[in-house]
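Structure file start-v9.cif; described as mmCIF, C-alpha atoms and all ligand atoms.
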```cif
data_run
loop_
_atom_site.label_atom_id
_atom_site.label_comp_id
_atom_site.auth_asym_id
_atom_site.auth_seq_id
_atom_site.Cartn_x
_atom_site.Cartn_y
_atom_site.Cartn_z
CA MET A 253 -10.73 -32.84 -14.31
CA ASN A 254 -10.25 -31.55 -10.81
CA THR A 255 -10.91 -34.57 -8.58
CA SER A 256 -9.13 -33.24 -5.51
CA GLY A 257 -11.90 -30.94 -4.39
CA SER A 258 -9.50 -28.01 -4.49
CA PRO A 259 -10.77 -24.53 -5.34
CA SER A 260 -8.87 -24.34 -8.63
CA SER A 261 -8.72 -26.68 -11.62
CA LYS A 262 -4.95 -26.29 -11.36
CA GLY A 263 -5.02 -27.78 -7.84
CA ASP A 264 -4.35 -26.31 -4.44
CA PRO A 265 -2.61 -22.98 -4.41
CA ALA A 266 1.01 -23.49 -3.48
CA ALA A 267 2.24 -22.40 -0.07
CA VAL A 268 4.04 -19.07 -0.32
CA PRO A 269 7.50 -19.11 1.25
CA HIS A 270 7.89 -16.53 4.01
CA LEU A 271 11.29 -14.83 3.97
CA ASP A 272 12.80 -12.46 6.50
CA VAL A 273 14.94 -10.47 4.06
CA ASP A 274 14.69 -6.66 4.08
CA PRO A 275 15.17 -5.44 0.49
CA PHE A 276 15.37 -1.85 1.80
CA SER A 277 18.30 -2.40 4.19
CA MET A 278 21.81 -1.05 3.71
CA ALA A 279 23.19 -4.63 3.68
CA PHE A 280 20.86 -5.52 0.81
CA PHE A 281 21.74 -2.38 -1.18
CA THR A 282 25.46 -3.07 -0.70
CA ASP A 283 25.17 -6.45 -2.46
CA PRO A 284 21.63 -7.36 -3.58
CA TYR A 285 22.63 -10.19 -5.95
CA PRO A 286 22.85 -13.17 -3.56
CA THR A 287 19.47 -12.18 -2.08
CA HIS A 288 17.96 -11.71 -5.56
CA GLU A 289 18.90 -15.34 -6.20
CA VAL A 290 17.37 -16.44 -2.89
CA LEU A 291 14.16 -14.58 -3.79
CA ARG A 292 13.99 -16.14 -7.29
CA GLU A 293 14.79 -19.66 -6.09
CA ALA A 294 12.39 -19.61 -3.12
CA GLY A 295 9.41 -19.66 -5.50
CA PRO A 296 7.49 -17.66 -8.08
CA VAL A 297 5.85 -15.63 -5.30
CA VAL A 298 7.28 -14.98 -1.84
CA HIS A 299 6.06 -13.16 1.25
CA LEU A 300 8.37 -10.66 2.92
CA ASP A 301 7.37 -10.67 6.58
CA LYS A 302 9.44 -7.60 7.48
CA TRP A 303 7.09 -5.32 5.49
CA ASN A 304 4.08 -7.66 5.13
CA VAL A 305 4.18 -7.65 1.33
CA TYR A 306 4.34 -10.23 -1.43
CA GLY A 307 7.35 -10.25 -3.74
CA VAL A 308 8.11 -11.45 -7.27
CA ALA A 309 11.71 -11.75 -8.48
CA ARG A 310 11.46 -14.09 -11.49
CA TYR A 311 11.12 -12.58 -14.96
CA ALA A 312 7.85 -14.41 -15.78
CA GLU A 313 5.96 -13.15 -12.71
CA VAL A 314 7.40 -9.62 -12.83
CA HIS A 315 6.36 -9.41 -16.50
CA ALA A 316 2.92 -10.86 -15.69
CA VAL A 317 2.28 -8.33 -12.90
CA LEU A 318 3.42 -5.41 -15.05
CA ASN A 319 1.09 -6.53 -17.83
CA ASP A 320 -2.09 -6.98 -15.74
CA PRO A 321 -2.71 -3.41 -14.53
CA VAL A 322 -6.38 -4.14 -13.76
CA THR A 323 -5.51 -6.78 -11.14
CA PHE A 324 -2.24 -5.15 -10.04
CA CYS A 325 -3.12 -1.46 -9.87
CA SER A 326 -1.00 1.66 -9.56
CA SER A 327 -3.63 4.07 -8.21
CA ARG A 328 -3.09 2.84 -4.64
CA GLY A 329 0.58 3.85 -4.97
CA VAL A 330 3.62 2.11 -6.45
CA GLY A 331 5.52 2.33 -3.17
CA LEU A 332 4.88 0.43 0.07
CA SER A 333 2.23 2.87 1.25
CA ASP A 334 -1.36 1.97 0.25
CA PHE A 335 -3.12 5.23 -0.68
CA LYS A 336 -6.42 3.62 0.37
CA LYS A 337 -5.11 3.33 3.94
CA GLU A 338 -2.57 6.17 4.27
CA GLU A 339 -2.39 9.78 3.11
CA PRO A 340 0.22 10.10 0.30
CA TRP A 341 3.23 12.32 1.17
CA ARG A 342 2.45 14.48 -1.91
CA PRO A 343 -0.56 14.68 -4.27
CA PRO A 344 -0.41 11.46 -6.36
CA SER A 345 1.21 11.54 -9.79
CA LEU A 346 -1.43 11.75 -12.54
CA ILE A 347 0.45 9.18 -14.63
CA LEU A 348 2.58 6.93 -12.39
CA GLU A 349 -0.03 6.55 -9.66
CA ALA A 350 -3.09 6.31 -11.93
CA ASP A 351 -5.02 3.49 -13.62
CA PRO A 352 -7.01 3.47 -16.84
CA PRO A 353 -9.12 5.29 -17.88
CA ALA A 354 -7.61 8.32 -16.05
CA HIS A 355 -4.08 7.16 -16.90
CA THR A 356 -4.78 6.80 -20.61
CA ARG A 357 -5.24 10.51 -21.28
CA THR A 358 -2.30 11.79 -19.19
CA ARG A 359 -0.07 9.09 -20.64
CA ALA A 360 -1.03 10.12 -24.18
CA ALA A 361 -0.18 13.75 -23.40
CA LEU A 362 3.31 12.95 -22.07
CA SER A 363 3.89 10.46 -24.94
CA ARG A 364 3.29 13.27 -27.44
CA VAL A 365 5.63 15.64 -25.58
CA LEU A 366 8.40 12.99 -25.46
CA SER A 367 7.73 11.50 -28.93
CA PRO A 368 10.24 10.57 -31.65
CA THR A 369 9.43 13.92 -33.32
CA ALA A 370 10.29 15.77 -30.10
CA MET A 371 13.60 13.87 -29.92
CA LYS A 372 14.59 15.24 -33.37
CA GLN A 373 14.37 18.76 -31.91
CA VAL A 374 16.86 18.04 -29.09
CA ARG A 375 19.13 15.42 -30.63
CA ASP A 376 21.81 17.80 -31.97
CA ARG A 377 21.90 19.78 -28.70
CA PHE A 378 22.28 16.58 -26.63
CA ALA A 379 25.11 15.39 -28.92
CA ALA A 380 26.92 18.76 -28.84
CA ALA A 381 26.71 18.89 -25.04
CA ALA A 382 28.15 15.35 -24.81
CA GLU A 383 31.05 16.35 -27.09
CA ALA A 384 31.70 19.49 -25.01
CA LYS A 385 31.66 17.46 -21.79
CA VAL A 386 34.18 14.95 -23.18
CA THR A 387 36.45 17.79 -24.36
CA GLU A 388 36.40 19.26 -20.85
CA LEU A 389 37.12 15.88 -19.22
CA LEU A 390 40.00 15.02 -21.58
CA ASP A 391 41.59 18.17 -20.26
CA LYS A 392 41.19 17.03 -16.63
CA ARG A 393 42.19 13.37 -17.20
CA SER A 394 41.24 12.37 -13.60
CA PHE A 395 37.81 13.15 -12.18
CA ASP A 396 34.69 11.65 -10.56
CA ALA A 397 32.60 9.90 -13.23
CA ILE A 398 29.45 10.35 -11.12
CA ALA A 399 29.64 14.09 -10.33
CA ASP A 400 31.45 15.08 -13.52
CA ILE A 401 29.64 12.91 -16.11
CA ALA A 402 26.61 11.02 -14.75
CA GLU A 403 25.25 14.12 -12.97
CA ALA A 404 26.90 16.96 -14.91
CA TYR A 405 25.83 15.82 -18.37
CA PRO A 406 22.06 15.38 -17.68
CA LEU A 407 22.13 18.62 -15.63
CA SER A 408 23.66 20.40 -18.66
CA ILE A 409 20.80 19.40 -20.99
CA PHE A 410 17.61 18.19 -19.26
CA PRO A 411 16.66 21.33 -17.30
CA ASP A 412 17.23 23.34 -20.49
CA ALA A 413 15.19 20.83 -22.53
CA LEU A 414 12.32 21.52 -20.12
CA ALA A 415 13.22 25.23 -20.35
CA LEU A 416 13.37 25.75 -16.58
CA LYS A 417 14.60 29.01 -15.09
CA PRO A 418 18.31 28.99 -14.26
CA GLU A 419 17.76 29.75 -10.55
CA GLY A 420 17.24 26.96 -8.04
CA ARG A 421 18.28 23.98 -10.17
CA GLU A 422 20.29 22.67 -7.19
CA HIS A 423 16.93 21.42 -5.84
CA LEU A 424 16.36 19.02 -8.77
CA LEU A 425 18.51 16.07 -7.66
CA PRO A 426 17.53 16.29 -3.95
CA TYR A 427 13.85 16.35 -4.98
CA ALA A 428 14.25 13.30 -7.22
CA SER A 429 16.17 11.45 -4.52
CA LEU A 430 13.29 12.22 -2.13
CA VAL A 431 10.67 10.92 -4.59
CA PHE A 432 12.49 7.60 -5.07
CA ASN A 433 13.21 7.19 -1.35
CA ALA A 434 9.53 7.81 -0.63
CA PHE A 435 8.47 4.64 -2.54
CA GLY A 436 10.23 2.65 0.17
CA PRO A 437 9.12 1.65 3.67
CA PRO A 438 9.20 4.12 6.58
CA ASN A 439 12.91 3.51 7.21
CA HIS A 440 15.57 6.14 7.95
CA LEU A 441 16.07 6.93 4.23
CA ARG A 442 12.39 7.70 3.67
CA GLN A 443 11.68 9.50 6.92
CA GLU A 444 14.75 11.74 6.73
CA ALA A 445 14.09 12.60 3.07
CA ILE A 446 10.49 13.62 3.83
CA GLU A 447 11.52 15.64 6.92
CA ARG A 448 13.85 17.74 4.74
CA SER A 449 11.55 17.96 1.74
CA ALA A 450 9.78 21.32 2.20
CA PRO A 451 12.23 23.60 0.32
CA HIS A 452 12.57 21.09 -2.54
CA GLN A 453 8.80 20.67 -2.83
CA ALA A 454 8.29 24.45 -2.83
CA TYR A 455 10.85 24.89 -5.64
CA ILE A 456 9.28 22.12 -7.75
CA ALA A 457 5.71 23.41 -7.32
CA GLU A 458 6.80 26.87 -8.49
CA GLN A 459 8.67 25.60 -11.58
CA CYS A 460 5.63 23.59 -12.71
CA ARG A 461 3.61 26.77 -13.36
CA ARG A 462 3.11 27.75 -16.99
CA GLU A 463 4.69 31.21 -16.56
CA ASN A 464 7.95 29.63 -15.32
CA LEU A 465 8.47 27.41 -18.38
CA ALA A 466 9.98 29.10 -21.45
CA PRO A 467 8.50 28.52 -24.93
CA GLY A 468 9.78 25.55 -26.94
CA GLY A 469 10.69 23.34 -23.97
CA PHE A 470 9.03 20.10 -22.81
CA GLY A 471 7.40 22.07 -19.96
CA ALA A 472 5.66 24.52 -22.28
CA CYS A 473 4.67 21.61 -24.56
CA ILE A 474 2.85 19.97 -21.64
CA HIS A 475 0.95 23.21 -20.96
CA ALA A 476 0.17 23.51 -24.71
CA GLU A 477 -1.75 20.21 -24.41
CA VAL A 478 -4.29 22.23 -22.37
CA ASP A 479 -4.93 24.53 -25.37
CA GLU A 480 -5.69 21.45 -27.49
CA GLY A 481 -8.26 20.37 -24.88
CA ARG A 482 -6.43 17.11 -24.15
CA ILE A 483 -5.66 17.81 -20.48
CA THR A 484 -6.98 20.41 -18.02
CA ALA A 485 -5.11 23.48 -16.78
CA ALA A 486 -5.06 21.90 -13.32
CA GLU A 487 -3.43 18.71 -14.65
CA ALA A 488 -0.57 20.35 -16.59
CA PRO A 489 1.59 21.42 -13.60
CA LEU A 490 1.36 17.94 -12.07
CA LEU A 491 2.48 16.38 -15.37
CA VAL A 492 5.45 18.77 -15.45
CA ARG A 493 6.12 17.55 -11.91
CA SER A 494 6.36 13.99 -13.27
CA LEU A 495 9.19 15.01 -15.61
CA LEU A 496 10.95 16.80 -12.75
CA SER A 497 10.48 13.73 -10.52
CA ALA A 498 11.47 11.00 -12.94
CA GLY A 499 13.49 12.64 -15.71
CA LEU A 500 16.83 13.43 -14.11
CA ASP A 501 17.99 11.07 -11.35
CA THR A 502 17.01 8.06 -13.49
CA THR A 503 19.30 9.09 -16.35
CA VAL A 504 22.01 10.09 -13.86
CA ASN A 505 21.97 6.53 -12.54
CA GLY A 506 21.58 5.01 -16.04
CA ILE A 507 24.61 6.87 -17.40
CA GLY A 508 26.51 6.18 -14.18
CA ALA A 509 25.71 2.46 -14.57
CA ALA A 510 26.96 2.45 -18.17
CA ILE A 511 30.28 4.12 -17.30
CA TYR A 512 30.74 1.81 -14.29
CA CYS A 513 30.15 -1.21 -16.57
CA LEU A 514 32.51 0.02 -19.29
CA ALA A 515 35.21 0.83 -16.71
CA ARG A 516 34.91 -2.63 -15.09
CA PHE A 517 34.71 -4.65 -18.31
CA PRO A 518 37.50 -3.34 -20.60
CA GLU A 519 36.84 -5.96 -23.31
CA GLN A 520 33.33 -4.47 -23.67
CA TRP A 521 34.85 -0.97 -23.77
CA LYS A 522 37.13 -2.17 -26.61
CA LEU A 523 34.13 -3.50 -28.55
CA LEU A 524 32.43 -0.11 -28.16
CA ARG A 525 35.60 1.74 -29.21
CA ASP A 526 35.82 -0.42 -32.35
CA ASP A 527 32.18 0.30 -33.22
CA PRO A 528 30.67 3.40 -31.57
CA THR A 529 27.31 2.62 -33.23
CA LEU A 530 26.97 0.07 -30.38
CA ALA A 531 26.55 2.99 -27.93
CA ARG A 532 22.76 2.75 -27.80
CA ASN A 533 22.79 -1.00 -27.03
CA ALA A 534 25.69 -0.59 -24.57
CA PHE A 535 23.48 1.86 -22.65
CA GLU A 536 20.43 -0.42 -22.87
CA GLU A 537 22.47 -3.37 -21.57
CA ALA A 538 23.67 -1.22 -18.66
CA VAL A 539 20.02 -0.51 -17.81
CA ARG A 540 19.36 -4.28 -17.79
CA PHE A 541 22.58 -5.15 -15.93
CA GLU A 542 22.36 -2.50 -13.16
CA SER A 543 18.63 -1.70 -13.26
CA PRO A 544 18.83 1.93 -12.01
CA VAL A 545 15.18 1.60 -10.92
CA GLN A 546 15.36 -1.57 -8.80
CA THR A 547 11.76 -2.06 -7.67
CA PHE A 548 8.18 -0.87 -7.84
CA PHE A 549 5.07 -2.08 -6.02
CA ARG A 550 1.56 -2.77 -7.26
CA THR A 551 -1.63 -3.34 -5.18
CA THR A 552 -4.05 -6.20 -5.87
CA THR A 553 -7.62 -5.16 -6.73
CA ARG A 554 -9.04 -8.67 -6.20
CA ASP A 555 -8.12 -12.15 -4.97
CA VAL A 556 -5.73 -13.51 -7.59
CA GLU A 557 -3.67 -16.59 -8.36
CA LEU A 558 -0.12 -15.80 -9.48
CA GLY A 559 2.53 -18.43 -10.18
CA GLY A 560 0.27 -20.97 -8.44
CA ALA A 561 0.05 -18.83 -5.28
CA ARG A 562 -3.09 -17.17 -3.89
CA ILE A 563 -2.92 -13.48 -3.07
CA GLY A 564 -5.86 -11.69 -1.46
CA GLU A 565 -7.35 -8.32 -2.42
CA GLY A 566 -5.59 -5.16 -1.22
CA GLU A 567 -2.14 -6.71 -0.93
CA LYS A 568 1.08 -4.98 -1.92
CA VAL A 569 3.26 -6.87 -4.44
CA LEU A 570 6.91 -5.84 -4.74
CA MET A 571 8.37 -6.35 -8.23
CA PHE A 572 12.13 -6.92 -8.23
CA LEU A 573 12.88 -5.51 -11.70
CA ALA A 574 16.62 -5.94 -11.17
CA ALA A 575 16.24 -9.63 -10.24
CA ALA A 576 14.01 -10.25 -13.28
CA ASN A 577 16.65 -8.61 -15.47
CA ARG A 578 19.15 -11.26 -14.31
CA ASP A 579 16.81 -14.25 -14.11
CA PRO A 580 18.67 -17.23 -15.65
CA ARG A 581 15.24 -18.60 -16.71
CA ARG A 582 15.07 -15.71 -19.19
CA TRP A 583 18.67 -14.63 -19.89
CA ASP A 584 21.84 -16.43 -21.02
CA ASN A 585 24.81 -15.44 -18.83
CA PRO A 586 22.61 -12.96 -16.96
CA ASP A 587 25.49 -11.68 -14.81
CA SER A 588 27.62 -10.71 -17.84
CA TYR A 589 27.60 -7.19 -19.23
CA ASP A 590 27.48 -7.88 -22.99
CA ILE A 591 27.00 -4.91 -25.31
CA HIS A 592 26.07 -7.25 -28.19
CA ARG A 593 23.22 -8.84 -26.17
CA ARG A 594 19.65 -8.80 -27.49
CA THR A 595 18.36 -6.66 -24.63
CA SER A 596 14.74 -6.38 -25.74
CA GLY A 597 12.29 -7.58 -23.12
CA HIS A 598 14.33 -6.33 -20.16
CA VAL A 599 12.15 -4.66 -17.53
CA GLY A 600 14.57 -1.89 -16.52
CA PHE A 601 12.09 0.56 -18.08
CA GLY A 602 9.12 -1.52 -16.93
CA SER A 603 6.67 -3.12 -19.38
CA GLY A 604 3.09 -2.59 -20.47
CA ILE A 605 0.97 0.53 -20.12
CA HIS A 606 3.24 2.20 -17.54
CA MET A 607 6.53 1.47 -19.34
CA CYS A 608 8.82 4.50 -19.03
CA VAL A 609 7.27 7.36 -21.01
CA GLY A 610 10.67 9.10 -21.06
CA GLN A 611 12.61 6.15 -22.43
CA LEU A 612 13.47 7.94 -25.69
CA VAL A 613 15.00 10.85 -23.76
CA ALA A 614 16.95 8.43 -21.56
CA ARG A 615 18.27 6.47 -24.54
CA LEU A 616 19.18 9.64 -26.42
CA GLU A 617 21.22 10.91 -23.45
CA GLY A 618 22.88 7.53 -22.89
CA GLU A 619 23.69 7.04 -26.56
CA ALA A 620 25.05 10.57 -27.01
CA MET A 621 27.37 10.33 -24.00
CA LEU A 622 28.66 6.80 -24.73
CA ALA A 623 29.21 7.57 -28.42
CA ALA A 624 31.18 10.73 -27.59
CA LEU A 625 33.34 8.80 -25.10
CA ALA A 626 33.89 5.91 -27.52
CA ARG A 627 35.08 8.20 -30.31
CA ARG A 628 37.53 10.24 -28.26
CA VAL A 629 38.65 8.22 -25.20
CA ALA A 630 41.07 5.28 -25.48
CA ALA A 631 40.74 3.93 -21.93
CA ILE A 632 38.72 4.44 -18.73
CA GLU A 633 40.49 3.24 -15.58
CA ILE A 634 38.99 3.08 -12.11
CA ALA A 635 41.38 5.22 -10.02
CA GLY A 636 39.91 4.89 -6.53
CA GLU A 637 37.34 3.07 -4.40
CA PRO A 638 33.81 3.41 -5.88
CA LYS A 639 31.33 4.56 -3.19
CA ARG A 640 27.71 3.43 -3.26
CA ARG A 641 24.73 5.81 -2.97
CA PHE A 642 21.86 4.44 -0.89
CA ASN A 643 18.27 4.99 -2.02
CA ASN A 644 15.12 2.92 -1.46
CA THR A 645 14.48 2.60 -5.22
CA LEU A 646 17.49 3.81 -7.22
CA ARG A 647 20.73 1.86 -7.57
CA GLY A 648 23.89 3.78 -8.33
CA LEU A 649 27.17 5.16 -7.10
CA ASP A 650 27.94 8.27 -5.07
CA SER A 651 31.46 8.44 -6.41
CA LEU A 652 33.54 6.71 -9.10
CA PRO A 653 37.09 8.08 -9.41
CA VAL A 654 38.43 7.48 -12.91
CA THR A 655 41.36 8.40 -15.13
CA ILE A 656 40.82 8.57 -18.88
CA THR A 657 43.38 8.40 -21.70
CA PRO A 658 42.82 10.36 -24.93
CA ALA A 659 42.33 8.37 -28.14
C1 LIG B 1 8.42 6.78 -13.05
C2 LIG B 1 8.24 7.86 -12.02
C3 LIG B 1 9.07 7.93 -10.95
C4 LIG B 1 8.89 8.93 -10.02
C5 LIG B 1 7.87 9.85 -10.17
C6 LIG B 1 7.03 9.80 -11.24
C7 LIG B 1 7.22 8.80 -12.17
C8 LIG B 1 5.91 10.78 -11.39
O1 LIG B 1 5.08 10.63 -12.27
O2 LIG B 1 5.85 11.73 -10.59
#
```
What's the structure tokens form of this structure?
Ligand code: OVV
Amino acid sequence: MNTSGSPSSKGDPAAVPHLDVDPFSMAFFTDPYPTHEVLREAGPVVHLDKWNVYGVARYAEVHAVLNDPVTFCSSRGVGLSDFKKEEPWRPPSLILEADPPAHTRTRAALSRVLSPTAMKQVRDRFAAAAEAKVTELLDKRSFDAIADIAEAYPLSIFPDALALKPEGREHLLPYASLVFNAFGPPNHLRQEAIERSAPHQAYIAEQCRRENLAPGGFGACIHAEVDEGRITAAEAPLLVRSLLSAGLDTTVNGIGAAIYCLARFPEQWKLLRDDPTLARNAFEEAVRFESPVQTFFRTTTRDVELGGARIGEGEKVLMFLAAANRDPRRWDNPDSYDIHRRTSGHVGFGSGIHMCVGQLVARLEGEAMLAALARRVAAIEIAGEPKRRFNNTLRGLDSLPVTITPA
């Protein structure tokens, strides 16, 4: 029984520690891990005074927020900006920035387009392109693993899988970079990206139209959902926009993470070489270990108690997916890259109703590239200083010079 006179049967809400860390600063991006630990150890819920938001960095609370989409909504934006208070920089995504019931229908449409059946149609092409890429790189021996694999491989298959026109594809990565920077606070990264966004936005809007998407691709499949009466003709272009926003830079950084891991941890590379069927789990573990998508926000729809802390209505909550993916409360040896690890439950693809709708495409790309490397490359050596790429949401490298040895 609650004899203390406190408002909750669990007792007084705990005081929320106020921290002055900026998780969108260059210093944080350069080495986020010590600060992730500070955030986790400070308490289950923290307040980040710099941006006036709550934060969760432990696995339990990140998972809880992801799995209560009624209390922690997405329709007010999954970046810092609250769409109830500020005009969004672009029309909101019909899937990412939507709540049930609106989300349910758009999610179902994209799930069908990116289903296991759809993966069967592209699997052989993805595998052949990975083989061709490895053949080309074995010829070069020394190259940049970011430009020449992490970017070049997805660019060689994903725009074709959507069946985009060949012209203008150079806008795809700058547009994605803009989208992920725009989830952040109004710092230099976000403001500069938005200032330069007009040509990229114009290109994307044009490619989303039905007449610019060739038959058989994911793009045309989204528009075909209109004919089945499952989405409207006005919704289809915006759902194509979601694939163009989230489908390329994420896998670039996922594949980049996997190669960076395998180059840094040669004993894990040897395990993969000895059994290339581990490729899919080696990729999944890289998504846990590096968490290419580092953070997303939610907005509270009511006063709520989380981890013993009270949060009011209309507050932004920043979920540190990357910190949850290395929370020692959840993971053994969280800071080890272990391709034999049971990775299920990691939140690198999110969790719950918004969990990555493109995860099968991402895994197919990652598996195909790592399997091709494992079968034909004996060693991957880092041959120069890796350079970091700075983005408000995405973690990855700008450059990773490597030398490979043929098997
Ligand atoms: C998961 C994600 C990231 C960025 C954009 C979108 C989705 C979208 O739906 O536009």
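Take atom CA of Leu491 of chain A and atom CA of Leu414 of chain A: the distance between them is 12.1 Å.
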**Q.** Within-7 Å residues of ligand LIG 1 (chain B), basis all atoms listed in the file, as JSON, numbers by chain
**A.** {"A": [345, 346, 347, 348, 431, 432, 493, 494, 495, 497, 498, 608]}
Would you output that residue set with C-alpha atoms, as a PDB file, keeping the file's coordinate frame?
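In the end it all went to selection_2.pdb:
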```pdb
ATOM      1  CA  SER A 345       1.210  11.540  -9.790  1.00  0.00           C
ATOM      2  CA  LEU A 346      -1.430  11.750 -12.540  1.00  0.00           C
ATOM      3  CA  ILE A 347       0.450   9.180 -14.630  1.00  0.00           C
ATOM      4  CA  LEU A 348       2.580   6.930 -12.390  1.00  0.00           C
ATOM      5  CA  VAL A 431      10.670  10.920  -4.590  1.00  0.00           C
ATOM      6  CA  PHE A 432      12.490   7.600  -5.070  1.00  0.00           C
ATOM      7  CA  ARG A 493       6.120  17.550 -11.910  1.00  0.00           C
ATOM      8  CA  SER A 494       6.360  13.990 -13.270  1.00  0.00           C
ATOM      9  CA  LEU A 495       9.190  15.010 -15.610  1.00  0.00           C
ATOM     10  CA  SER A 497      10.480  13.730 -10.520  1.00  0.00           C
ATOM     11  CA  ALA A 498      11.470  11.000 -12.940  1.00  0.00           C
ATOM     12  CA  CYS A 608       8.820   4.500 -19.030  1.00  0.00           C
TER      13      CYS A 608
END
```
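Comparing the minimum interatomic distances between Leu271 of chain A and each of A:Gly295, A:Gly331, A:Pro368, A:Gly600, counting all atoms listed in the file, we find that A:Gly295 sits nearest.
Excluding Ala267 of chain A itself and same-chain residues fewer than 6 positions from it, the residues having an atom within 10 Å of it are Gly295, Val297, Val298, Gly560, Ala561 and Arg562 of chain A, counting only C-alpha atoms.
Closest to Glu313 of chain A among A:Ala538, A:Leu332, A:Leu573, A:Val365 is A:Leu573, based on all atoms listed in the file.
Between Cys473 of chain A and the candidates A:Ser367, A:Thr323, A:Ser277, A:Ser333, the tightest atom-to-atom separation, counting all atoms listed in the file, involves A:Ser367.
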Q | Residue nearest Ile656 of chain A - candidates A:Val386, A:Ala515, A:Ile632, A:Leu500, atoms counted: all atoms listed in the file | A | A:Ile632
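For the atom pair formed by atom CA of Ala316 of chain A and atom CA of His299 of chain A, the distance is 17.4 Å, given to one decimal.
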